[in-house]
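Chemist: Have a look at the structure that comes next, please.
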Amino acid sequence: MLAAALALGAAACVSGFDRNDQTVNSLRILGASMHVDNGDGIDWADAQAGDTVTFKALVANPTGIPDVTVTWVTCVPPDLNNTLTPCTNETTLRDPIQLIGMPGVLMLGQAMPSADEATVQIQFTVPPEVKALTQQLIDRADMHVNAQCALYLPVPVIIIAQGNGGTTVVTAVKNLRLSPWSQIGPTDPTDSSLQAYVRNFNPSISALNIPNDHSACVGQTLVQSCKTDTDCTNGGPCSADGWCPPVNPFPAGAETICGQIPDTDTQTYYYCGMDGVDGSEMEYPSITWYETAGSEADVANTNTTGTPDLAARTFQLFTRPTGPFTLYGVVRDGRDGENWIAQTFPALP
Amino acid sequence: MGSLPAALFLTLLHAQVATPSAAFDGGVDAAQAAAPAPAPAEGPDGGAPAVKPPALTHFVQAVYPPDAEAAGIAGAVTMSIVIDDKGAVGAVKVIDPGPHPGFAPAAVAAVKQFQFTPAIINGQPTAVEIEYRYEFVIKRAPPPPPPPSQRPVSLMGRVVERGTREPVVAASVEADDVTTETDTEGRFQLRGLPVGPVKIHIVSSAHHNLAVDEIIEAGKLKEVEYRMNRKRYGAFESVVRGARERKEVAVHEVSVQELTTVPGTQGDVLKVIQDFPGVARAPFGLGLLIVRGSAPQDTVVYMDGVQIPLLFHFLALTAVVNSDVISGLDFFPGNFSPYYGNAMGGAVEIHTRDPKHDWHGAGHVDLYDGAAMVEGPLGYGSFFASVRRSWVDEVLRAVVPSGLTVAPVFYDYQLKYVQPLLGGQGQIFIFGSSDALDILDSNTARVISFDSEVQFHRIAASWKRGFAHHWRNEAVLSLGVDDTTTEAVNAIKADAITWSASLRDTLSYKPSERLNLQLGIDSSLRHYSYNLLLPNFGQPGAAFGMGGFGANPPQAESSSGNWAQPGLFAYADVALGSRLRVQPGLRLDGNSLIKSGSSFWLDPRMSAFLTVTPKTVLKAGVGLYSEAPLPQQFVHAVFGNPNLAYQRSFQYSLGVDQKLPLDVDLEVTAYDKYLWQLVAPTNLVDPTTGQGLNVSNLGKGRSYGLEMLLRRQIMHGFYGWVAYTLSRTTRLDDPSVDMYGYHLYEFDQTHILTVIASYQTEHNWTFGTRLRYTSGDPYAPYVNGIFNANNGSYECITGNPGTARAPPFFQADARIDRRWVYDKWTFTGYLDVQNVTNRANPEALFPNYNCQGYSTLTGLPIFPSIGLRAEF
């Protein structure tokens with residue numbers, strides 16, 4: 001069927017395809033992430049029983065819909081082989097509002113976005129019952145060597161944003177990776193079946209730049225990340241979601257922009273075949289760009305040095321509007337790790 | 001044609017000569033001169049029965065109209081006459097009255113007094129309809145000839161068809177009032193010609209008349225070869241149709257000529273199956289056979305009695321068999337006889353022809369592939385060898401972007417040898433097919449690769465002969481291998497190989513026309529071996545990507561083993577009186593892999609035919625049709641359910657065959673089919689292991705409808721048909737998944753209409769068109785979109801299945817053929833244009849980015865295809 005699809009793609013035509021998905025002109029959830037702080041300075045994405053997880057959602061509300069409330073719910077599957085729960089059931093998801101309060105659905109929390117921050121968050125502690133599930137992961141890895149590289153259970157978390165008295169509803173799903181992280185990798189080298197999974201952490205964007213070329217995201221910095229005001233070269237203040245004020249004004253005209261991803265944020269992980277570990281490969285994080293105004297276009301790979309497809313994954317050709325706008329960049333590592341930048345730029349003088 | 005209960009139609013064209021009585025030379029030897037041209041000697045299993053045409057034994061000369069004689073008017077009357085199984089002439093219909101109004105009545109009056117030997121088909125006298133030409137020629141009375149034995153042979157030779165070099169049989173060869181006729185090899189002798197220049201006149205009904213000047217030298221024998229131009233090349237004026245004993249309530253048979261010139265098929269004979277009633281249109285023109293609401297895998301395909309796993313190369317660009325070696329095909333949309341088993345859908349039987357005994361060959365090229373075929377004598381028999389190879393990969397290489405490799409390659413081959421053996425006919429048939437597709441995208445750091453190869457190979461030995469007058473045995477023993485390999489990035493790896501040994505043997509006893517008994521075995525032994533690594537697609541009913549795909553690691557398993565598929569069938573054809581035939585049958589099948597319940601199942605079946613009038617036959621069929629699950633559905637618990645049982649269906653149909661004027665046949669069939677124990681996805685869990693069962697036998701379904709086929713068989717260069725199906729097909733899913741009750745099947749198409757027309761001129765131009773209209777396929781509409789923050793796209797949530805329907809499909813195709821004929825070879829070029837109106841037919845609907853609207857993937861735009869073909 002893949003063959004059919006590919007070959008047919010050349011012969012057939014798609015008409016009416018709506019590509020205007022990067023312009024945000026209504027209430028939308030653009031990103032969601034989970035963060036676990038184990039006190040080691042790493043922004044972990046995987047959790048296990050007892051971890052306190054910070055659930056974040058990037059909620060864009062460009063039209064200012066009032067009274068937006070964001071609700072996180074999830075359903076813990078009874079076992080690894082039975083993942084059909086209300087949170088994954090197509091019939092239930094036709095109207096996700098009914099998940100709130102439904103038996104078998106776990107309410108994680110609720111929050112309201114502030115007026116000046118697109119990021120909204122809650123915290124929730126993973127209940128101890130989950131340990132039985134993570135133990136099943138270990139048992140499965142012991143029995144099936146090809147499962148050693150998948151020592152995690154992605155539990156779908158449903159995020160429901162309601163506004164305007166419940167008349168406007170948007171929904172998103174984000175996997176919370178449950179892994180027995182305290183037992184895997186170098187923690188317990190005696191069990192070979194636990195060596196092939198690499199606990200995931202979230203990637204990050206350290207700066208928004210206008211790059212010099214396509215070989216790397218290095219050039220004129222527009223915005224840089226921060227943890228404190230002193231991290232900002234322009235003195236700050238560092239915002240609640242970790243961004244300094246723009247270093248330079250966003251120029252007019254078409255500009256290539258990029259999100260700088262620290263090299264240390266790219267993990268190497270293993271993949272398995274029928275006989276166990278087949279090899280390893282690096283994550284290839286990518287950034288999806290959104291904006292409340294302006295126009296964008298993809299950037300093709302033109303460089304032959306550096307990381308070959310870096311530009312296609314993380315660059316964007318963008319023409320800003322003359323008025324103010326908000327730019328969103330969501331980075332994903334392909335393994336449920338996620339982060340973003342959300343920055344509002346003033347109008348051109 | 002005519003009033004033939006056996007639906008037999010035999011077209012032969014004969015010439016007979018009438019002369020003014022006053023000048024007549026004593027009359028022609030009717031028996032000799034009317035010896036009909038033998039039909040092509042197809043073997044009993046070569047797709048058509050062995051035929052001995054009728055021979056004229058009593059000739060009555062027509063009265064030459066006096067005014068025509070006085071005016072010196074000569075000409076011919078062409079008639080269609082029915083000869084019954086006693087050899088008597090029945091209905092006579094004038095096709096061409098000739099140049100004088102008095103010719104036709106005189107010819108009809110004479111022909112009605114003719115007496116023939118009956119046509120013999122498969123050893124039995126059979127009613128036939130033939131074309132007969134009665135020529136009115138003004139002659140002078142020659143002097144009484146001396147006895148033939150006293151005349152020296154002056155001229156001898158052979159008459160062959162120009163281009164094809166086929167012998168011209170039963171041609172009249174005349175020179176200086178000496179007349180003879182060519183034999184089955186086209187040979188003739190003329191005795192006693194006068195010395196000096198003579199003009200040789202050669203007349204053959206299917207060919208343009210030929211006149212040649214020769215010089216006869218005293219005492220010398222002259223040897224010659226004459227080449228006649230056929231009036232319509234490729235037109236099978238001597239095709240036997242419908243001669244099979246009537247065993248099926250619905251069977252569609254087509255000749256090669258019809259098959260190869262249907263517009264939109266690029267000359268591929270097997271694509272025509274999709275234009276018959278009861279066959280739903282597959283999306284994108286893919287080669288799926290969706291017959292009477294059954295799943296594509298429910299229809300079996302046989303070639304010369306050997307089952308093959310697929311009918312088309314990838315994307316249905318062409319069939320897996322070269323059309324050059326096919327003599328015809330039978331398509332049974334349902335209620336077929338016990339000869340076929342383990343199928344709930346339809347059955348397709350492809351007949352390859354026997355090799356010719358002279359050296360011939362053919363080759364063709366088109367946009368997709370090229371093929372070559374050669375045949376000729378070998379040892380005590382004859383052979384053909386054919387091979388085809390695609391070059392789509394080379395075409396794509398020129399158009400795809402740099403860094404992207406898309407290399408689809410397919411080939412197929414057929415090698416057949418036939419010779420007399422132990423009083424019968426033996427043959428070895430070796431054939432196979434391979435499709436490979438490699439896709440490599442090196443434009444990204446993460447290289448995307450996809451490799452797939454599907455191939456099968458068969459070697460079949462068969463032998464058939466009749467014995468002890470009423471007995472006949474036909475046996476086919478075949479060995480085969482099916483090999484499938486698929487690998488995609490690091491997520492999918494699948495290698496499966498199946499070896500098989502199959503035996504099909506049919507013993508027939510036919511003591512009279514009123515009784516025919518058959519007993520047969522249709523069994524196979526198989527050995528399988530596979531290694532699988534597949535993604536976990538999650539549970540039925542789960543939103544894609546949400547607890548489903550990606551939630552669990554790929555699943556892997558390796559396995560090997562053996563299984564047996566025994567099959568027996570028995571069938572009787574009994575005439576109850578002169579109008580009613582009943583055909584009870586029984587089919588016993590088994591599958592050693594089935595562990596739930598019985599491994600064997602019994603399917604009783606019954607058909608009946610009532611001849612209401614000579615032109616009207618009512619027909620009915622009823623029976624059980626069962627089918628084992630696919631091996632991958634129940635071999636192992638990881639991907640299937642080892643406890644599956646066989647699937648069942650109950651089918652019945654009622655219909656009428658009506659002969660209409662202008663050589664048109666009308667078939668109308670109403671059918672109803674119930675399906676149960678269908679293999680369906682399930683969320684049930686094995687209570688002992690806690691593992692999901694994946695699939696169950698709890699699916700149900702029903703399909704019912706009305707099929708109509710209005711068809712004019714090829715005659716005088718024209719053929720065409722109108723096929724229409726009105727149908728409704730529903731399914732009921734496994735209760736653990738079902739929340740909707742009975743819903744429309746994904747390929748349910750309420751209206752399916754196909755119109756085909758083709759005409760070949762006497763100048764070897766062929767023009768044809770095909771029009772198709774079908775209702776759109778049902779689908780589950782999207783009712784919600786959920787943003788998937790894991791990948792940045794939206795997950796579309798569907799509503800109830802079958803509650804929306806895609807827009808209808810319409811397509812018009814056109815085809816022009818031109819054949820150039822040279823002395824020893826012919827050359828053909830064609831232009832086959834699909835979708836001449838360039839209609840944007842929606843083939844699939846895709847949601848927009850947030851599932852709040854649809855975009856349309858349209859099918860093929862206007863697409864011309866050019867092909868060239870040469871044959872000698």
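Please note that chains go A, B, ... in the order of the structure tokens, that every chain numbers its residues from 1, and that ligands are numbered from 1 in the order shown.
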Could you pull the residues within 9 Å of range 101-113 of chain B, counting only C-alpha atoms, minus those fewer than 3 positions along the same chain, as number ranges by chain?
Modeler: B: 18, 58-68, 75-79, 81, 88-94, 96-98, 132-136
Chemist: Kindly save the residues from that selection, with N, CA and C atoms included, as an mmCIF file, in the first residue's frame.
Modeler:
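Result file is again.cif:
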data_model
loop_
_atom_site.group_PDB
_atom_site.id
_atom_site.type_symbol
_atom_site.label_atom_id
_atom_site.label_comp_id
_atom_site.auth_asym_id
_atom_site.auth_seq_id
_atom_site.Cartn_x
_atom_site.Cartn_y
_atom_site.Cartn_z
ATOM 1 N N ALA B 18 -24.270 -20.773 -56.839
ATOM 2 C CA ALA B 18 -25.416 -21.112 -57.683
ATOM 3 C C ALA B 18 -25.189 -20.525 -59.064
ATOM 4 N N HIS B 58 -26.273 -32.697 -48.128
ATOM 5 C CA HIS B 58 -27.306 -32.629 -49.172
ATOM 6 C C HIS B 58 -27.462 -31.186 -49.607
ATOM 7 N N PHE B 59 -27.109 -30.967 -50.875
ATOM 8 C CA PHE B 59 -27.125 -29.606 -51.396
ATOM 9 C C PHE B 59 -28.298 -29.436 -52.356
ATOM 10 N N VAL B 60 -28.980 -28.328 -52.241
ATOM 11 C CA VAL B 60 -30.067 -27.997 -53.167
ATOM 12 C C VAL B 60 -29.717 -26.671 -53.821
ATOM 13 N N GLN B 61 -29.746 -26.695 -55.132
ATOM 14 C CA GLN B 61 -29.344 -25.485 -55.831
ATOM 15 C C GLN B 61 -30.476 -24.472 -55.848
ATOM 16 N N ALA B 62 -30.116 -23.227 -55.639
ATOM 17 C CA ALA B 62 -31.114 -22.160 -55.695
ATOM 18 C C ALA B 62 -31.481 -21.855 -57.135
ATOM 19 N N VAL B 63 -32.692 -21.381 -57.293
ATOM 20 C CA VAL B 63 -33.153 -20.973 -58.618
ATOM 21 C C VAL B 63 -32.605 -19.583 -58.917
ATOM 22 N N TYR B 64 -31.895 -19.504 -60.039
ATOM 23 C CA TYR B 64 -31.309 -18.199 -60.392
ATOM 24 C C TYR B 64 -32.430 -17.314 -60.899
ATOM 25 N N PRO B 65 -32.682 -16.168 -60.267
ATOM 26 C CA PRO B 65 -33.769 -15.295 -60.732
ATOM 27 C C PRO B 65 -33.584 -14.968 -62.213
ATOM 28 N N PRO B 66 -34.592 -15.232 -63.032
ATOM 29 C CA PRO B 66 -34.426 -15.059 -64.493
ATOM 30 C C PRO B 66 -34.035 -13.633 -64.877
ATOM 31 N N ASP B 67 -34.654 -12.655 -64.208
ATOM 32 C CA ASP B 67 -34.308 -11.297 -64.618
ATOM 33 C C ASP B 67 -32.880 -10.945 -64.239
ATOM 34 N N ALA B 68 -32.410 -11.500 -63.120
ATOM 35 C CA ALA B 68 -31.016 -11.262 -62.747
ATOM 36 C C ALA B 68 -30.082 -11.924 -63.746
ATOM 37 N N GLY B 75 -23.852 -12.200 -57.671
ATOM 38 C CA GLY B 75 -23.641 -11.701 -56.319
ATOM 39 C C GLY B 75 -23.848 -12.801 -55.294
ATOM 40 N N ALA B 76 -23.856 -12.421 -54.065
ATOM 41 C CA ALA B 76 -23.946 -13.412 -53.004
ATOM 42 C C ALA B 76 -24.964 -12.986 -51.958
ATOM 43 N N VAL B 77 -25.569 -13.984 -51.333
ATOM 44 C CA VAL B 77 -26.475 -13.762 -50.218
ATOM 45 C C VAL B 77 -25.820 -14.353 -48.967
ATOM 46 N N THR B 78 -25.696 -13.531 -47.946
ATOM 47 C CA THR B 78 -25.131 -14.040 -46.695
ATOM 48 C C THR B 78 -26.262 -14.252 -45.694
ATOM 49 N N MET B 79 -26.291 -15.455 -45.151
ATOM 50 C CA MET B 79 -27.374 -15.825 -44.241
ATOM 51 C C MET B 79 -26.797 -16.361 -42.934
ATOM 52 N N ILE B 81 -27.745 -19.321 -40.433
ATOM 53 C CA ILE B 81 -28.649 -20.463 -40.377
ATOM 54 C C ILE B 81 -28.346 -21.305 -39.146
ATOM 55 N N ALA B 88 -30.220 -30.898 -39.396
ATOM 56 C CA ALA B 88 -31.264 -30.249 -40.179
ATOM 57 C C ALA B 88 -31.175 -28.744 -40.018
ATOM 58 N N VAL B 89 -31.602 -28.054 -41.077
ATOM 59 C CA VAL B 89 -31.555 -26.601 -41.056
ATOM 60 C C VAL B 89 -32.806 -26.077 -40.371
ATOM 61 N N GLY B 90 -32.609 -25.186 -39.435
ATOM 62 C CA GLY B 90 -33.727 -24.577 -38.733
ATOM 63 C C GLY B 90 -33.946 -23.168 -39.236
ATOM 64 N N ALA B 91 -33.823 -22.215 -38.318
ATOM 65 C CA ALA B 91 -34.080 -20.823 -38.689
ATOM 66 C C ALA B 91 -33.018 -20.320 -39.654
ATOM 67 N N VAL B 92 -33.473 -19.534 -40.633
ATOM 68 C CA VAL B 92 -32.567 -18.913 -41.599
ATOM 69 C C VAL B 92 -32.831 -17.411 -41.575
ATOM 70 N N LYS B 93 -31.769 -16.661 -41.393
ATOM 71 C CA LYS B 93 -31.912 -15.211 -41.339
ATOM 72 C C LYS B 93 -30.967 -14.601 -42.367
ATOM 73 N N VAL B 94 -31.489 -13.676 -43.169
ATOM 74 C CA VAL B 94 -30.677 -13.049 -44.206
ATOM 75 C C VAL B 94 -29.887 -11.906 -43.595
ATOM 76 N N ASP B 96 -27.128 -10.429 -45.497
ATOM 77 C CA ASP B 96 -26.855 -9.570 -46.653
ATOM 78 C C ASP B 96 -27.633 -10.133 -47.834
ATOM 79 N N PRO B 97 -28.638 -9.416 -48.343
ATOM 80 C CA PRO B 97 -29.484 -9.983 -49.406
ATOM 81 C C PRO B 97 -28.823 -9.996 -50.771
ATOM 82 N N GLY B 98 -27.683 -9.396 -50.930
ATOM 83 C CA GLY B 98 -27.037 -9.398 -52.229
ATOM 84 C C GLY B 98 -27.561 -8.292 -53.131
ATOM 85 N N TYR B 132 -23.645 -18.428 -43.664
ATOM 86 C CA TYR B 132 -23.577 -19.158 -44.928
ATOM 87 C C TYR B 132 -23.733 -18.151 -46.064
ATOM 88 N N ARG B 133 -22.851 -18.257 -47.017
ATOM 89 C CA ARG B 133 -22.947 -17.356 -48.162
ATOM 90 C C ARG B 133 -23.262 -18.149 -49.421
ATOM 91 N N TYR B 134 -24.277 -17.733 -50.051
ATOM 92 C CA TYR B 134 -24.728 -18.410 -51.275
ATOM 93 C C TYR B 134 -24.428 -17.479 -52.433
ATOM 94 N N GLU B 135 -23.559 -17.924 -53.349
ATOM 95 C CA GLU B 135 -23.141 -17.050 -54.437
ATOM 96 C C GLU B 135 -23.901 -17.392 -55.713
ATOM 97 N N PHE B 136 -24.372 -16.364 -56.337
ATOM 98 C CA PHE B 136 -25.030 -16.507 -57.644
ATOM 99 C C PHE B 136 -24.026 -16.062 -58.708
#
Chemist: Compute the set of chain B residues within 8 Å of chain A, using only C-alpha atoms, and express it as a ChimeraX atom specification.
Modeler: /B:284,314-315,437,443-445,490,533,538-539,541-543,546-548,551-557,691-692,783-792,797-799,848-850,854-861
Chemist: Got a sec: who's within 8 Å of Val36 in chain A, counting only C-alpha atoms, leaving out chain neighbours fewer than 3 positions off, as a PyMOL selection string?
Modeler: chain A and resi 43-47+51-54
Chemist: So, with only C-alpha atoms as the atoms that count, which of A:Cys232, A:Leu317, A:Ser215, A:Asn339 lies closest to Met34 in chain A?
Modeler: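 For Met34 in chain A, the nearest of the given residues is A:Asn339.
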Chemist: Just list as a list in words whatever in range 59-105 of chain A DSSP marks as strand (DSSP E or B).
Modeler: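 The residues of range 59-105 of chain A classed as strand (DSSP E or B) are Val59, Ala60, Thr69, Val70, Thr71, Trp72, Val73, Thr74, Asp79, Asn82 and Asn89 of chain A.
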Chemist: Need the shell around Val73 in chain A: protein/DNA/RNA residues with any atom at most 8 Å away, counting only C-alpha atoms. Skip same-chain ones fewer than 6 positions apart. Format as an mmCIF file with N, CA and C atoms, in the first residue's frame?
Modeler:
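Dumped everything to result_25.cif:
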data_model
loop_
_atom_site.group_PDB
_atom_site.id
_atom_site.type_symbol
_atom_site.label_atom_id
_atom_site.label_comp_id
_atom_site.auth_asym_id
_atom_site.auth_seq_id
_atom_site.Cartn_x
_atom_site.Cartn_y
_atom_site.Cartn_z
ATOM 1 N N LEU A 99 -15.255 13.431 28.723
ATOM 2 C CA LEU A 99 -14.214 12.758 29.510
ATOM 3 C C LEU A 99 -14.121 13.337 30.920
ATOM 4 N N ILE A 100 -14.438 14.605 31.057
ATOM 5 C CA ILE A 100 -14.319 15.242 32.364
ATOM 6 C C ILE A 100 -15.402 14.679 33.288
ATOM 7 N N VAL A 105 -11.662 7.877 34.164
ATOM 8 C CA VAL A 105 -10.839 8.964 33.647
ATOM 9 C C VAL A 105 -10.238 9.713 34.831
ATOM 10 N N LEU A 106 -8.940 9.881 34.792
ATOM 11 C CA LEU A 106 -8.221 10.498 35.901
ATOM 12 C C LEU A 106 -8.048 11.989 35.634
ATOM 13 N N MET A 107 -8.588 12.816 36.513
ATOM 14 C CA MET A 107 -8.435 14.272 36.377
ATOM 15 C C MET A 107 -7.064 14.672 36.919
ATOM 16 N N LEU A 108 -6.259 15.290 36.046
ATOM 17 C CA LEU A 108 -4.911 15.671 36.463
ATOM 18 C C LEU A 108 -4.872 17.083 37.020
ATOM 19 N N GLY A 109 -5.696 17.944 36.478
ATOM 20 C CA GLY A 109 -5.702 19.303 36.991
ATOM 21 C C GLY A 109 -6.337 20.261 36.009
ATOM 22 N N VAL A 157 -2.467 11.797 27.431
ATOM 23 C CA VAL A 157 -3.090 12.807 28.292
ATOM 24 C C VAL A 157 -3.916 13.715 27.387
ATOM 25 N N ILE A 158 -5.169 13.856 27.720
ATOM 26 C CA ILE A 158 -6.064 14.689 26.914
ATOM 27 C C ILE A 158 -6.132 16.074 27.542
ATOM 28 N N ILE A 159 -5.898 17.075 26.715
ATOM 29 C CA ILE A 159 -5.891 18.460 27.193
ATOM 30 C C ILE A 159 -7.062 19.178 26.516
#
Chemist: Using only C-alpha atoms, determine which residues lie at most 10 Å from Asn643 in chain B, disregarding the query and same-chain residues fewer than 3 positions distant; provide the list as JSON, numbers by chain.
Modeler: {"B": [593, 594, 595, 596, 597, 633, 634, 635, 636, 637, 640, 693, 695, 696, 697]}
Chemist: Which one of B:Gly590, B:Pro125, B:Pro152, B:Pro629 sits closest to Asp298 in chain B if you count only C-alpha atoms?
Modeler: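 Result for the nearest residue to Asp298 in chain B: B:Pro629.
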Chemist: Excluding range 300-303 of chain B and residues on its chain fewer than 6 positions from it, collect all residues at most 9 Å away from it, counting only C-alpha atoms, and give them as number ranges by chain.
Modeler: B: 309-311, 340-352
Chemist: Go ahead and dump the residues you just picked, N, CA and C atoms, as a PDB file, in the first residue's frame.
Modeler:
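Written file, result_6.pdb:
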ATOM      1  N   PRO B 309      -1.721 -16.512  -6.776  1.00  0.00           N
ATOM      2  CA  PRO B 309      -2.051 -15.633  -5.653  1.00  0.00           C
ATOM      3  C   PRO B 309      -2.446 -14.220  -6.051  1.00  0.00           C
ATOM      4  N   LEU B 310      -2.090 -13.785  -7.228  1.00  0.00           N
ATOM      5  CA  LEU B 310      -2.466 -12.425  -7.608  1.00  0.00           C
ATOM      6  C   LEU B 310      -2.680 -12.359  -9.105  1.00  0.00           C
ATOM      7  N   LEU B 311      -3.431 -11.371  -9.494  1.00  0.00           N
ATOM      8  CA  LEU B 311      -3.842 -11.252 -10.888  1.00  0.00           C
ATOM      9  C   LEU B 311      -3.076 -10.154 -11.611  1.00  0.00           C
ATOM     10  N   TYR B 340     -15.090 -25.142  -7.982  1.00  0.00           N
ATOM     11  CA  TYR B 340     -14.279 -24.175  -7.238  1.00  0.00           C
ATOM     12  C   TYR B 340     -14.700 -24.185  -5.769  1.00  0.00           C
ATOM     13  N   GLY B 341     -13.722 -24.112  -4.900  1.00  0.00           N
ATOM     14  CA  GLY B 341     -14.006 -24.129  -3.480  1.00  0.00           C
ATOM     15  C   GLY B 341     -13.130 -23.153  -2.728  1.00  0.00           C
ATOM     16  N   ASN B 342     -13.355 -23.099  -1.416  1.00  0.00           N
ATOM     17  CA  ASN B 342     -12.575 -22.233  -0.541  1.00  0.00           C
ATOM     18  C   ASN B 342     -12.635 -20.776  -0.999  1.00  0.00           C
ATOM     19  N   ALA B 343     -13.805 -20.359  -1.452  1.00  0.00           N
ATOM     20  CA  ALA B 343     -13.983 -18.990  -1.918  1.00  0.00           C
ATOM     21  C   ALA B 343     -15.434 -18.581  -1.702  1.00  0.00           C
ATOM     22  N   MET B 344     -15.619 -17.410  -1.105  1.00  0.00           N
ATOM     23  CA  MET B 344     -16.974 -16.892  -0.897  1.00  0.00           C
ATOM     24  C   MET B 344     -17.314 -15.785  -1.880  1.00  0.00           C
ATOM     25  N   GLY B 345     -16.313 -15.317  -2.608  1.00  0.00           N
ATOM     26  CA  GLY B 345     -16.572 -14.262  -3.577  1.00  0.00           C
ATOM     27  C   GLY B 345     -16.802 -14.840  -4.948  1.00  0.00           C
ATOM     28  N   GLY B 346     -15.960 -14.479  -5.895  1.00  0.00           N
ATOM     29  CA  GLY B 346     -16.081 -15.000  -7.246  1.00  0.00           C
ATOM     30  C   GLY B 346     -14.929 -15.916  -7.579  1.00  0.00           C
ATOM     31  N   ALA B 347     -14.921 -16.362  -8.833  1.00  0.00           N
ATOM     32  CA  ALA B 347     -13.836 -17.211  -9.316  1.00  0.00           C
ATOM     33  C   ALA B 347     -13.484 -16.771 -10.731  1.00  0.00           C
ATOM     34  N   VAL B 348     -12.204 -16.784 -10.997  1.00  0.00           N
ATOM     35  CA  VAL B 348     -11.708 -16.424 -12.321  1.00  0.00           C
ATOM     36  C   VAL B 348     -10.869 -17.582 -12.833  1.00  0.00           C
ATOM     37  N   GLU B 349     -11.148 -18.034 -14.030  1.00  0.00           N
ATOM     38  CA  GLU B 349     -10.340 -19.091 -14.652  1.00  0.00           C
ATOM     39  C   GLU B 349      -9.754 -18.526 -15.935  1.00  0.00           C
ATOM     40  N   ILE B 350      -8.443 -18.463 -15.972  1.00  0.00           N
ATOM     41  CA  ILE B 350      -7.753 -17.984 -17.169  1.00  0.00           C
ATOM     42  C   ILE B 350      -7.350 -19.206 -17.989  1.00  0.00           C
ATOM     43  N   HIS B 351      -7.672 -19.187 -19.259  1.00  0.00           N
ATOM     44  CA  HIS B 351      -7.302 -20.291 -20.142  1.00  0.00           C
ATOM     45  C   HIS B 351      -6.160 -19.828 -21.041  1.00  0.00           C
ATOM     46  N   THR B 352      -5.078 -20.552 -20.995  1.00  0.00           N
ATOM     47  CA  THR B 352      -4.034 -20.260 -21.968  1.00  0.00           C
ATOM     48  C   THR B 352      -4.256 -21.153 -23.176  1.00  0.00           C
TER      49      THR B 352
END
Chemist: Identify, on the basis of only C-alpha atoms, every residue whose closest approach to Asn212 in chain A does not exceed 12 Å; exclude the query and any residue fewer than 6 positions from it along the same chain; express the result as a list in words.
Modeler: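 Non-adjacent residues within range: Val218, Gly219, Gln220, Thr221, Glu255, Thr256, Ile257, Cys258, Asn303, Ala311 and Phe315 of chain A.
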Chemist: To one decimal place in Å, what is the distance between CA of Ser607 in chain B and CA of Arg711 in chain B?
Modeler: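 A separation of 23.0 Å between them.
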Chemist: Quick one: DSSP alpha helix (DSSP H) residues in range 512-691 of chain B, as a PyMOL selection string?
Modeler: chain B and resi 631-634
Chemist: Please, could you write that set of residues out with N, CA and C atoms as a CSV table (one decimal), in the first residue's frame?
Modeler:
chain,number,residue,atom,x,y,z
B,631,PRO,N,-3.9,-17.5,6.0
B,631,PRO,CA,-3.0,-18.1,6.9
B,631,PRO,C,-2.5,-17.2,8.0
B,632,GLN,N,-2.2,-15.9,7.6
B,632,GLN,CA,-1.6,-15.0,8.6
B,632,GLN,C,-2.7,-14.6,9.7
B,633,GLN,N,-3.9,-14.9,9.4
B,633,GLN,CA,-5.0,-14.6,10.4
B,633,GLN,C,-5.0,-15.6,11.5
B,634,PHE,N,-4.5,-16.8,11.3
B,634,PHE,CA,-4.6,-17.8,12.4
B,634,PHE,C,-3.5,-18.7,12.6
